[in-house]
file work24.tsv (TSV, C-alpha atoms)
chain	number	residue	atom	x	y	z
V	130	MET	CA	-14.31	-9.53	-3.75
V	131	LEU	CA	-16.10	-12.85	-3.85
V	132	SER	CA	-19.22	-13.72	-1.87
V	133	LEU	CA	-22.08	-16.18	-1.80
V	134	THR	CA	-25.15	-14.25	-2.96
V	135	ASN	CA	-28.55	-15.80	-3.67
V	136	GLY	CA	-27.01	-19.26	-3.71
V	137	LYS	CA	-24.28	-18.34	-6.22
V	138	ILE	CA	-20.67	-17.20	-6.04
V	139	ALA	CA	-20.69	-13.51	-6.96
V	140	PHE	CA	-17.78	-11.23	-7.90
V	141	ASP	CA	-17.59	-7.50	-7.07
V	142	PHE	CA	-14.93	-5.79	-9.21
V	143	SER	CA	-15.12	-2.58	-7.16
V	144	LYS	CA	-13.62	-4.40	-4.18
V	145	CYS	CA	-11.19	-6.71	-6.01
V	146	GLN	CA	-7.56	-6.35	-4.99
V	147	GLN	CA	-6.26	-8.20	-8.07
V	148	CYS	CA	-4.27	-10.82	-6.15
V	149	GLY	CA	-5.29	-13.73	-8.42
V	150	THR	CA	-5.79	-16.22	-5.59
V	151	CYS	CA	-9.28	-17.26	-6.69
V	152	LEU	CA	-7.93	-18.39	-10.07
V	153	ALA	CA	-5.50	-20.73	-8.31
V	154	VAL	CA	-7.73	-22.31	-5.67
V	155	CYS	CA	-10.84	-23.19	-7.68
V	156	PRO	CA	-10.90	-27.03	-7.87
V	157	THR	CA	-13.20	-27.11	-10.91
V	158	HIS	CA	-11.54	-24.25	-12.86
V	159	SER	CA	-14.85	-22.41	-12.86
V	160	ILE	CA	-13.22	-19.01	-12.35
V	161	HIS	CA	-11.88	-17.29	-15.45
V	162	ALA	CA	-9.88	-14.11	-16.02
V	163	LEU	CA	-10.80	-11.43	-18.55
V	164	GLN	CA	-8.19	-8.74	-19.14
V	165	LEU	CA	-9.60	-5.23	-19.40
V	166	LYS	CA	-8.25	-2.32	-21.45
V	167	ASN	CA	-6.69	-0.77	-18.36
V	168	GLY	CA	-4.67	-3.93	-17.68
V	169	LEU	CA	-6.75	-5.06	-14.72
V	170	THR	CA	-8.57	-8.39	-14.62
V	171	ASP	CA	-12.30	-8.97	-14.44
V	172	ILE	CA	-13.44	-12.30	-13.01
V	173	LYS	CA	-16.10	-14.48	-14.61
V	174	ILE	CA	-17.62	-17.48	-12.86
V	175	ASN	CA	-19.12	-20.47	-14.62
V	176	GLN	CA	-22.09	-21.18	-12.40
V	177	ASP	CA	-22.76	-24.46	-14.20
V	178	THR	CA	-19.47	-26.03	-13.09
V	179	CYS	CA	-19.06	-24.19	-9.75
V	180	ILE	CA	-19.55	-26.56	-6.79
V	181	GLN	CA	-19.76	-23.72	-4.23
V	182	CYS	CA	-16.92	-25.09	-2.12
V	183	LYS	CA	-16.20	-21.48	-1.10
V	184	LYS	CA	-12.43	-21.90	-1.33
V	185	CYS	CA	-12.31	-18.73	-3.40
V	186	ILE	CA	-14.24	-16.77	-0.76
V	187	LYS	CA	-12.18	-18.08	2.16
V	188	SER	CA	-8.91	-17.10	0.48
V	189	CYS	CA	-10.06	-13.74	-0.93
V	190	PRO	CA	-8.19	-10.96	0.94
V	191	SER	CA	-11.01	-8.49	0.29
V	192	THR	CA	-13.21	-10.54	2.62
V	193	MET	CA	-10.59	-10.32	5.41
V	194	LYS	CA	-11.17	-6.91	6.93
V	195	ASP	CA	-7.99	-5.27	8.18
V	196	ASN	CA	-7.75	-4.38	11.85
V	197	THR	CA	-7.40	-0.59	11.93
V	198	GLU	CA	-8.32	0.01	15.58
V	199	GLN	CA	-5.40	1.56	17.50
V	200	TYR	CA	-3.32	0.84	14.40
V	201	ASN	CA	-0.42	3.15	15.32
V	202	GLU	CA	0.12	1.98	18.90
V	203	SER	CA	2.62	-0.80	18.18
V	204	PHE	CA	4.92	1.22	15.92
V	205	PRO	CA	7.03	2.93	18.63
V	206	ALA	CA	8.12	-0.49	19.92
V	207	LYS	CA	9.09	-1.96	16.54
V	208	LYS	CA	12.67	-2.26	15.27
V	209	TYR	CA	13.75	-0.28	12.21
V	210	TYR	CA	16.79	-0.53	9.95
V	211	PHE	CA	18.28	1.27	7.00
V	212	SER	CA	19.42	-1.50	4.68
V	213	ASN	CA	21.21	-1.87	1.36
V	214	ASN	CA	23.27	-4.41	-0.57
V	215	ALA	CA	26.97	-4.22	0.25
V	216	ASP	CA	27.90	-4.28	-3.45
V	217	LYS	CA	27.82	-0.70	-4.83
V	218	GLN	CA	26.68	-1.70	-8.33
V	219	ILE	CA	23.87	-3.97	-7.11
V	220	ARG	CA	22.74	-1.28	-4.69
V	221	TYR	CA	22.68	1.36	-7.42
V	222	SER	CA	20.90	-0.72	-10.06
V	223	SER	CA	18.21	-2.16	-7.75
V	224	SER	CA	15.12	-0.58	-6.23
V	225	SER	CA	15.82	1.05	-2.87
V	226	GLY	CA	19.30	-0.37	-2.45
V	227	GLY	CA	18.50	-3.98	-3.36
V	228	THR	CA	17.43	-5.20	0.09
V	229	CYS	CA	14.49	-7.27	-1.15
V	230	LYS	CA	16.48	-9.07	-3.84
V	231	THR	CA	19.35	-9.70	-1.43
V	232	LEU	CA	17.00	-11.11	1.19
V	233	ILE	CA	15.52	-13.56	-1.32
V	234	ILE	CA	18.81	-14.71	-2.83
V	235	GLN	CA	20.80	-14.96	0.39
V	236	ALA	CA	18.01	-16.70	2.32
V	237	LEU	CA	18.15	-19.44	-0.33
V	238	LYS	CA	21.95	-19.60	-0.59
V	239	GLN	CA	22.42	-19.70	3.20
V	240	GLY	CA	19.72	-22.36	3.65
V	241	LEU	CA	17.57	-20.11	5.83
V	242	VAL	CA	14.53	-21.17	3.79
V	243	ASP	CA	13.82	-24.08	1.45
V	244	GLY	CA	11.97	-21.95	-1.09
V	245	VAL	CA	10.78	-18.45	-1.92
V	246	TYR	CA	7.59	-17.50	-3.74
V	247	THR	CA	7.85	-14.05	-5.26
V	248	LEU	CA	7.83	-12.22	-8.59
V	249	GLY	CA	10.02	-13.34	-11.47
V	250	LYS	CA	10.33	-11.79	-14.89
V	251	SER	CA	8.04	-12.93	-17.72
V	252	ASN	CA	7.75	-12.36	-21.48
V	253	GLU	CA	4.03	-11.49	-21.43
V	254	TYR	CA	2.11	-8.63	-19.82
V	255	PRO	CA	2.43	-7.78	-16.98
V	256	TYR	CA	5.97	-9.06	-17.72
V	257	VAL	CA	6.29	-10.57	-14.24
V	258	LYS	CA	4.60	-13.56	-12.62
V	259	GLY	CA	4.55	-15.53	-9.41
V	260	THR	CA	7.65	-17.74	-9.36
V	261	PHE	CA	8.94	-20.37	-6.93
V	262	TYR	CA	12.69	-20.37	-6.30
V	263	THR	CA	14.92	-22.84	-4.48
V	264	ALA	CA	18.64	-23.02	-3.72
V	265	GLU	CA	19.01	-25.26	-6.81
V	266	HIS	CA	16.94	-22.81	-8.88
V	267	CYS	CA	18.26	-19.66	-7.26
V	268	PRO	CA	17.53	-16.38	-9.07
V	269	SER	CA	20.12	-13.82	-10.05
V	270	PHE	CA	19.63	-10.13	-9.33
V	271	GLN	CA	18.55	-9.76	-12.97
V	272	ASP	CA	15.88	-12.49	-12.70
V	273	ILE	CA	13.96	-10.60	-10.01
V	274	PRO	CA	12.30	-7.39	-11.23
V	275	ASN	CA	12.76	-4.02	-9.61
V	276	SER	CA	9.60	-2.34	-8.34
V	277	VAL	CA	6.55	-2.97	-10.54
V	278	TYR	CA	3.91	-0.23	-10.63
V	279	HIS	CA	1.26	-1.91	-12.71
V	280	SER	CA	-0.97	-4.48	-11.05
V	281	VAL	CA	0.26	-8.08	-10.96
V	282	MET	CA	-1.75	-11.16	-9.94
V	283	LEU	CA	1.11	-12.67	-7.94
V	284	ASN	CA	-0.98	-15.44	-6.39
V	285	LYS	CA	-2.33	-16.82	-9.66
V	286	ASN	CA	0.64	-19.21	-9.90
V	287	VAL	CA	0.77	-20.24	-6.23
V	288	ASN	CA	-0.01	-23.88	-7.06
V	289	CYS	CA	3.59	-24.24	-8.25
V	290	VAL	CA	4.73	-24.11	-4.61
V	291	PRO	CA	5.46	-27.65	-3.32
V	292	LYS	CA	5.39	-28.78	0.28
V	293	CYS	CA	8.47	-27.66	2.15
V	294	LYS	CA	9.59	-27.01	5.72
V	295	ARG	CA	10.59	-23.34	5.53
V	296	LEU	CA	9.03	-21.05	2.97
V	297	MET	CA	9.38	-17.31	2.34
V	298	VAL	CA	6.74	-15.32	0.48
V	299	VAL	CA	7.18	-11.73	-0.71
V	300	GLY	CA	4.21	-9.56	-1.63
V	301	THR	CA	1.83	-6.79	-0.66
V	302	ASN	CA	-0.64	-6.97	2.22
V	303	CYS	CA	-3.52	-8.38	0.14
V	304	GLN	CA	-1.26	-10.98	-1.46
V	305	LEU	CA	0.24	-12.07	1.88
V	306	LYS	CA	-3.15	-12.44	3.57
V	307	ALA	CA	-4.29	-14.81	0.84
V	308	LEU	CA	-0.98	-16.71	0.73
V	309	GLU	CA	-1.21	-17.25	4.48
V	310	ILE	CA	-4.47	-19.14	3.93
V	311	VAL	CA	-3.47	-21.05	0.81
V	312	LEU	CA	-0.02	-22.15	1.98
V	313	LYS	CA	-0.64	-22.95	5.64
V	314	HIS	CA	-0.82	-26.68	4.93
V	315	LYS	CA	2.23	-26.67	2.62
V	316	CYS	CA	4.93	-25.58	5.06
V	317	GLU	CA	5.83	-25.70	8.75
V	318	ASN	CA	7.34	-22.23	8.87
V	319	LEU	CA	6.13	-19.35	6.69
V	320	ILE	CA	8.22	-16.16	6.58
V	321	LYS	CA	6.24	-13.24	5.15
V	322	VAL	CA	7.90	-10.16	3.70
V	323	CYS	CA	5.60	-7.25	2.88
V	324	ILE	CA	6.33	-4.76	0.13
V	325	PHE	CA	4.82	-1.60	1.63
V	326	CYS	CA	1.85	-0.60	-0.51
V	327	LYS	CA	-0.85	2.05	-0.18
V	328	GLN	CA	-2.08	1.80	-3.78
V	329	GLN	CA	-1.48	-0.47	-6.76
V	330	LYS	CA	-1.75	0.96	-10.26
V	331	CYS	CA	-3.44	-0.13	-13.46
V	332	PHE	CA	-1.84	0.06	-16.91
V	333	ASP	CA	-3.36	3.50	-17.51
V	334	SER	CA	-0.87	4.93	-15.01
V	335	THR	CA	2.03	3.53	-17.02
V	336	ARG	CA	0.41	4.77	-20.22
V	337	PHE	CA	0.28	8.28	-18.73
V	338	LEU	CA	3.97	8.14	-17.80
V	339	ALA	CA	4.81	7.04	-21.33
V	340	LYS	CA	2.92	10.04	-22.70
V	341	ILE	CA	4.79	12.60	-20.63
V	342	MET	CA	8.07	10.93	-21.65
V	343	GLY	CA	7.14	11.04	-25.33
V	344	ALA	CA	7.01	7.25	-25.60
V	345	GLU	CA	4.20	5.03	-26.89
V	346	ILE	CA	3.18	1.76	-25.28
V	347	LEU	CA	0.31	-0.60	-26.02
V	348	LEU	CA	-1.15	-3.27	-23.79
V	349	ASP	CA	-1.16	-5.88	-26.58
V	350	LYS	CA	2.39	-5.19	-27.80
V	351	PRO	CA	5.61	-5.89	-25.88
V	352	PHE	CA	7.27	-2.88	-24.29
V	353	ALA	CA	10.40	-2.44	-22.20
V	354	PHE	CA	10.03	-0.95	-18.72
V	355	GLN	CA	12.00	-0.25	-15.58
V	356	TYR	CA	10.19	1.62	-12.82
V	357	ARG	CA	13.10	2.03	-10.40
V	358	GLY	CA	16.85	1.56	-10.10
V	359	ASN	CA	19.77	3.82	-11.10
V	360	GLY	CA	20.23	5.24	-7.61
V	361	TRP	CA	17.59	6.70	-5.32
V	362	PRO	CA	14.79	7.47	-5.77
V	363	GLY	CA	15.62	6.16	-9.22
V	364	THR	CA	14.50	6.38	-12.82
V	365	VAL	CA	11.45	5.26	-14.80
V	366	ARG	CA	12.24	3.92	-18.27
V	367	LEU	CA	9.72	3.03	-20.96
V	368	ASN	CA	10.77	1.97	-24.46
V	369	GLY	CA	14.05	3.85	-24.30
V	370	LYS	CA	12.66	7.04	-22.76
V	371	GLU	CA	13.27	7.94	-19.14
V	372	LEU	CA	12.08	10.23	-16.37
V	373	PRO	CA	13.26	10.70	-12.76
V	374	TYR	CA	11.01	8.68	-10.47
V	375	ALA	CA	10.43	11.61	-8.13
V	376	ARG	CA	8.89	13.50	-11.05
V	377	ALA	CA	7.03	10.51	-12.49
V	378	SER	CA	5.31	9.62	-9.22
V	379	ILE	CA	3.91	12.99	-8.16
V	380	LEU	CA	0.51	12.58	-9.86
V	381	PRO	CA	-0.20	8.82	-10.04
V	382	PHE	CA	0.81	8.34	-6.40
V	383	GLY	CA	0.55	11.87	-5.02
V	384	LYS	CA	-3.07	12.22	-6.19
V	385	ARG	CA	-3.93	8.49	-5.97
V	386	LEU	CA	-4.88	8.19	-9.63
V	387	TRP	CA	-5.39	5.03	-11.75
V	388	THR	CA	-5.62	2.97	-8.57
V	389	VAL	CA	-6.84	-0.64	-8.30
V	390	PRO	CA	-10.42	-0.38	-6.92
V	391	GLY	CA	-9.85	-2.87	-4.12
V	392	CYS	CA	-7.03	-0.74	-2.70
V	393	ASN	CA	-9.75	1.52	-1.28
V	394	ILE	CA	-10.61	-1.14	1.32
V	395	CYS	CA	-7.06	-2.06	2.35
V	396	GLY	CA	-6.14	-0.56	5.71
V	397	ASP	CA	-2.79	-2.16	6.49
V	398	SER	CA	-0.07	-0.97	4.11
V	399	PHE	CA	2.62	-2.57	6.30
V	400	SER	CA	0.71	-5.85	6.71
V	401	GLN	CA	1.79	-5.56	10.33
V	402	TYR	CA	-0.70	-8.21	11.49
V	403	HIS	CA	0.52	-10.77	8.95
V	404	ALA	CA	4.10	-9.99	7.86
V	405	ASP	CA	7.38	-10.54	9.66
V	406	LEU	CA	9.06	-7.66	7.83
V	407	SER	CA	7.96	-4.67	5.77
V	408	LEU	CA	10.20	-3.04	3.16
V	409	MET	CA	9.66	0.54	2.02
V	410	ASP	CA	11.38	3.67	0.72
V	411	PRO	CA	12.85	6.13	3.25
V	412	TRP	CA	10.70	9.08	2.18
V	413	GLY	CA	10.24	12.19	4.28
V	414	GLU	CA	13.85	13.42	4.06
V	415	ILE	CA	14.99	10.96	6.73
V	416	ASN	CA	18.06	10.00	4.68
V	417	PRO	CA	18.71	13.14	2.62
V	418	SER	CA	22.32	12.44	1.66
V	419	ASP	CA	21.56	9.07	0.05
V	420	THR	CA	21.61	8.95	-3.76
V	421	GLN	CA	22.55	5.27	-4.16
V	422	GLY	CA	19.54	3.51	-2.62
V	423	THR	CA	18.36	2.43	0.82
V	424	THR	CA	15.43	0.40	2.14
V	425	LEU	CA	13.66	1.23	5.38
V	426	VAL	CA	12.95	-2.11	7.05
V	427	THR	CA	10.19	-2.36	9.66
V	428	VAL	CA	10.39	-5.47	11.85
V	429	HIS	CA	7.12	-6.93	13.14
V	430	THR	CA	8.24	-10.26	14.64
V	431	GLN	CA	11.27	-11.93	16.16
V	432	ALA	CA	11.44	-14.23	13.14
V	433	GLY	CA	11.67	-11.17	10.92
V	434	ASN	CA	14.44	-9.66	12.99
V	435	ASP	CA	16.37	-12.94	13.02
V	436	ILE	CA	16.35	-13.36	9.26
V	437	ILE	CA	17.19	-9.74	8.35
V	438	LYS	CA	20.19	-9.84	10.72
V	439	THR	CA	21.35	-13.25	9.49
V	440	VAL	CA	21.42	-12.73	5.72
V	441	LYS	CA	24.83	-11.83	4.33
V	442	ASN	CA	25.75	-8.98	1.99
V	443	LEU	CA	23.39	-6.51	3.64
V	444	ASN	CA	24.51	-3.31	5.35
V	445	LEU	CA	22.19	-2.69	8.32
V	446	LEU	CA	21.93	0.48	10.39
V	447	GLU	CA	19.41	0.42	13.23
V	448	LYS	CA	17.22	3.52	13.49
V	449	SER	CA	14.88	4.75	16.20
V	450	TYR	CA	11.14	5.22	15.83
V	451	LYS	CA	11.53	8.99	16.13
V	452	GLU	CA	14.04	9.01	13.28
V	453	VAL	CA	11.75	7.18	10.85
V	454	ILE	CA	8.36	8.73	11.72
V	455	PRO	CA	8.25	10.98	8.62
V	456	ALA	CA	8.78	8.01	6.29
V	457	LEU	CA	6.15	5.77	7.88
V	458	GLY	CA	3.33	8.06	6.77
V	459	LEU	CA	0.96	6.81	9.47
V	460	ASN	CA	-1.25	9.90	9.32
V	461	ASP	CA	-1.91	9.33	5.63
V	462	ILE	CA	-2.64	5.65	6.26
V	463	ASN	CA	-5.08	6.68	9.01
V	464	ARG	CA	-6.92	8.99	6.61
V	465	LYS	CA	-7.23	6.16	4.13
V	466	GLN	CA	-8.52	3.84	6.87
V	467	LYS	CA	-11.30	6.27	7.74
V	468	LEU	CA	-12.81	5.91	4.26
V	469	ILE	CA	-12.87	2.11	4.24
V	470	PRO	CA	-16.42	1.84	5.70
V	471	TYR	CA	-17.71	4.03	2.89
V	472	PHE	CA	-16.10	1.92	0.17
V	473	LEU	CA	-17.42	-1.24	1.85
V	474	GLY	CA	-20.95	0.18	1.73
V	475	GLU	CA	-21.23	0.44	5.51
V	476	ASN	CA	-22.84	3.18	7.55
V	477	CYS	CA	-20.57	6.16	8.14
V	478	SER	CA	-20.75	9.77	9.24
V	479	LEU	CA	-21.53	12.73	6.99
V	480	LYS	CA	-17.91	13.85	7.27
V	481	ILE	CA	-16.63	10.52	6.00
V	482	LYS	CA	-19.19	10.43	3.20
V	483	THR	CA	-18.19	13.94	2.14
V	484	ALA	CA	-14.49	13.09	2.19
V	485	ALA	CA	-15.10	9.95	0.13
V	486	HIS	CA	-17.27	11.79	-2.40
V	487	MET	CA	-14.59	14.48	-2.80
V	488	GLU	CA	-11.91	11.82	-3.17
V	489	ILE	CA	-13.84	10.09	-5.95
V	490	LEU	CA	-14.67	13.39	-7.65
V	491	GLN	CA	-11.09	14.67	-7.52
V	492	ARG	CA	-9.62	11.43	-8.82
V	493	LYS	CA	-12.14	11.33	-11.67
V	494	ALA	CA	-11.56	14.97	-12.65
V	495	PHE	CA	-7.78	14.65	-12.69
V	496	THR	CA	-7.92	11.34	-14.54
V	497	ILE	CA	-10.18	12.72	-17.29
V	498	LEU	CA	-8.06	15.86	-17.64
V	499	LEU	CA	-4.67	14.13	-17.71
V	500	THR	CA	-5.87	11.41	-20.09
V	501	ALA	CA	-7.50	13.83	-22.54
V	502	LEU	CA	-4.65	16.31	-22.79
V	503	PRO	CA	-1.58	15.72	-24.96
V	504	LYS	CA	1.87	15.80	-23.44
V	505	MET	CA	2.19	19.02	-21.44
V	506	PRO	CA	5.19	20.90	-19.99
V	507	ILE	CA	6.41	19.52	-16.66
V	508	LEU	CA	5.41	22.80	-15.01
V	509	PHE	CA	1.76	21.99	-15.80
V	510	TYR	CA	1.95	18.69	-13.92
V	511	ARG	CA	3.62	20.39	-10.97
V	512	ILE	CA	0.75	22.87	-10.79
V	513	ILE	CA	-1.78	20.02	-10.80
V	514	HIS	CA	0.20	18.36	-8.02
V	515	LYS	CA	-0.04	21.54	-5.91
V	516	PHE	CA	-3.83	21.55	-6.14
V	517	PRO	CA	-5.30	21.07	-2.62
V	518	ASP	CA	-6.03	17.46	-1.63
V	519	LEU	CA	-9.74	17.60	-0.80
V	520	ARG	CA	-9.76	14.33	1.14
V	521	ASN	CA	-6.94	15.49	3.38
V	522	LEU	CA	-8.49	18.91	3.92
V	523	ILE	CA	-11.70	17.33	5.20
V	524	LEU	CA	-10.02	14.66	7.34
V	525	ARG	CA	-7.19	16.74	8.79
call {"tool": "encode", "arguments": {"input": "work24.tsv", "output": "structure tokens"}}
result
Amino acid sequence: MLSLTNGKIAFDFSKCQQCGTCLAVCPTHSIHALQLKNGLTDIKINQDTCIQCKKCIKSCPSTMKDNTEQYNESFPAKKYYFSNNADKQIRYSSSSGGTCKTLIIQALKQGLVDGVYTLGKSNEYPYVKGTFYTAEHCPSFQDIPNSVYHSVMLNKNVNCVPKCKRLMVVGTNCQLKALEIVLKHKCENLIKVCIFCKQQKCFDSTRFLAKIMGAEILLDKPFAFQYRGNGWPGTVRLNGKELPYARASILPFGKRLWTVPGCNICGDSFSQYHADLSLMDPWGEINPSDTQGTTLVTVHTQAGNDIIKTVKNLNLLEKSYKEVIPALGLNDINRKQKLIPYFLGENCSLKIKTAAHMEILQRKAFTILLTALPKMPILFYRIIHKFPDLRNLILR
């Protein structure tokens, strides 16, 4: 998070959501990135060249507090779809049935948008970067990465986006909020697609997965990865080793470990107040027979509904709110929202303070334990996963 403190631009790493927007908008290049050992980025500001224009502050998503009041009320009225690519091989090899990739590629091919800003593959860590695509420079399904579960500063390259009439951006809530500010003067119509996100991960999470697979990866040496794909829920692959995603995710995501600090103050995983569409996995046993891959699409606006129903090569099956409730995870999002005042340093009740302290303590204890131990039998990790969630016990 960036703020003006004592007449200077100040950076607070504990509230940074790692979007990279500040690096793109600074007109004097006074903001510099320093990569940490856990793969995250620290921000340094050259106060001698900073002109205090505040562009970095105005576009920082951490300064834009999410509206969490009566958050759940609009969800019963939204439209929902199961979606997947019509091609069996593309569906199987992509994350969650390939809906996101299909939406990007077909929107360009059908002329529904003039450009798309999203992730493209890269040769340097984090091996993906913000990329602008057009119909003339249209990506293939191989050019767009599957899900990426280490933090990526998508917005760092946003200056490559030229002025255009219709633009689509694909990202998480924090990334979309910043892109909305930065790109509002570059296009007439901005279509925003949210990748549902409750927590981004640092490189230490990937390092842990490599350990339990028996692989070795280093931040400063190239490594091959694939977090999803090969059916649903998919497979994690690191340097030739692999592990079913359902098994790989139980501790990093189930216990909220190795999480980007700024995720603690994000209260809108769907980006429902900014996005036209949200794309997520159909968890909660709402599609139990599916082994090939499906995306649960949540529609927030008419523009979102129009584009998802217009793109070709997508199989769509409308679902009711009651059918998708287990996958939406609204109760868990609400628990996370309750702790935001604590992580922002605001006044909060004793119950909230206790829940936050237990959350921090539990994360720290599990992180130290799992990092220190060598590779253990899978049964050990399952036992850790079954340990009571202290935050949830307090806030239930």
call {"tool": "closest_residue", "arguments": {"input": "work24.tsv", "among": "V:Gly149, V:Pro411, V:Pro274, V:Pro503", "to": "Ile172 in chain V", "atoms": "all atoms listed in the file"}}
result
V:Gly149
call {"tool": "atom_distance", "arguments": {"input": "work24.tsv", "atom1": "CA of Gln491 in chain V", "atom2": "CA of Ala377 in chain V"}}
result
19.2 Å
call {"tool": "closest_residue", "arguments": {"input": "work24.tsv", "among": "V:Lys292, V:Cys477, V:Ile320, V:Trp361", "to": "Ala375 in chain V", "atoms": "only C-alpha atoms"}}
result
V:Trp361
call {"tool": "closest_residue", "arguments": {"input": "work24.tsv", "among": "V:Ser132, V:Thr197, V:Ser269, V:Ser478", "to": "Asp397 in chain V", "atoms": "only C-alpha atoms"}}
result
V:Thr197
call {"tool": "atom_distance", "arguments": {"input": "work24.tsv", "atom1": "CA of Asp195 in chain V", "atom2": "CA of Leu425 in chain V"}}
result
22.8 Å
call {"tool": "build_atoms", "arguments": {"input": "work24.tsv", "residues": "range 244-260 of chain V", "atoms": "N, CA and C atoms", "output": "JSON list (two decimals), keeping the file's coordinate frame"}}
result
[["chain", "number", "residue", "atom", "x", "y", "z"],
["V", 244, "GLY", "N", 12.49, -22.51, 0.15],
["V", 244, "GLY", "CA", 11.97, -21.95, -1.09],
["V", 244, "GLY", "C", 11.44, -20.55, -0.86],
["V", 245, "VAL", "N", 11.33, -19.80, -1.96],
["V", 245, "VAL", "CA", 10.78, -18.45, -1.92],
["V", 245, "VAL", "C", 9.77, -18.31, -3.05],
["V", 246, "TYR", "N", 8.58, -17.81, -2.72],
["V", 246, "TYR", "CA", 7.59, -17.50, -3.74],
["V", 246, "TYR", "C", 7.49, -15.99, -3.85],
["V", 247, "THR", "N", 7.82, -15.48, -5.03],
["V", 247, "THR", "CA", 7.85, -14.05, -5.26],
["V", 247, "THR", "C", 7.70, -13.79, -6.75],
["V", 248, "LEU", "N", 7.92, -12.56, -7.17],
["V", 248, "LEU", "CA", 7.83, -12.22, -8.59],
["V", 248, "LEU", "C", 9.10, -12.57, -9.34],
["V", 249, "GLY", "N", 8.93, -13.13, -10.53],
["V", 249, "GLY", "CA", 10.02, -13.34, -11.47],
["V", 249, "GLY", "C", 9.64, -12.73, -12.80],
["V", 250, "LYS", "N", 10.61, -12.44, -13.62],
["V", 250, "LYS", "CA", 10.33, -11.79, -14.89],
["V", 250, "LYS", "C", 9.63, -12.74, -15.85],
["V", 251, "SER", "N", 8.81, -12.16, -16.75],
["V", 251, "SER", "CA", 8.04, -12.93, -17.72],
["V", 251, "SER", "C", 8.06, -12.21, -19.07],
["V", 252, "ASN", "N", 7.74, -12.94, -20.13],
["V", 252, "ASN", "CA", 7.75, -12.36, -21.48],
["V", 252, "ASN", "C", 6.40, -11.80, -21.90],
["V", 253, "GLU", "N", 5.37, -11.98, -21.09],
["V", 253, "GLU", "CA", 4.03, -11.49, -21.43],
["V", 253, "GLU", "C", 3.54, -10.53, -20.36],
["V", 254, "TYR", "N", 2.65, -9.59, -20.77],
["V", 254, "TYR", "CA", 2.11, -8.63, -19.82],
["V", 254, "TYR", "C", 1.45, -9.38, -18.66],
["V", 255, "PRO", "N", 1.73, -8.98, -17.44],
["V", 255, "PRO", "CA", 2.43, -7.78, -16.98],
["V", 255, "PRO", "C", 3.94, -7.90, -16.88],
["V", 256, "TYR", "N", 4.52, -8.86, -17.59],
["V", 256, "TYR", "CA", 5.97, -9.06, -17.72],
["V", 256, "TYR", "C", 6.63, -9.53, -16.43],
["V", 257, "VAL", "N", 5.83, -9.89, -15.45],
["V", 257, "VAL", "CA", 6.29, -10.57, -14.24],
["V", 257, "VAL", "C", 5.20, -11.56, -13.84],
["V", 258, "LYS", "N", 5.58, -12.57, -13.07],
["V", 258, "LYS", "CA", 4.60, -13.56, -12.62],
["V", 258, "LYS", "C", 5.10, -14.20, -11.33],
["V", 259, "GLY", "N", 4.17, -14.80, -10.60],
["V", 259, "GLY", "CA", 4.55, -15.53, -9.41],
["V", 259, "GLY", "C", 5.48, -16.68, -9.75],
["V", 260, "THR", "N", 6.61, -16.76, -9.05],
["V", 260, "THR", "CA", 7.65, -17.74, -9.36],
["V", 260, "THR", "C", 8.17, -18.36, -8.07]]
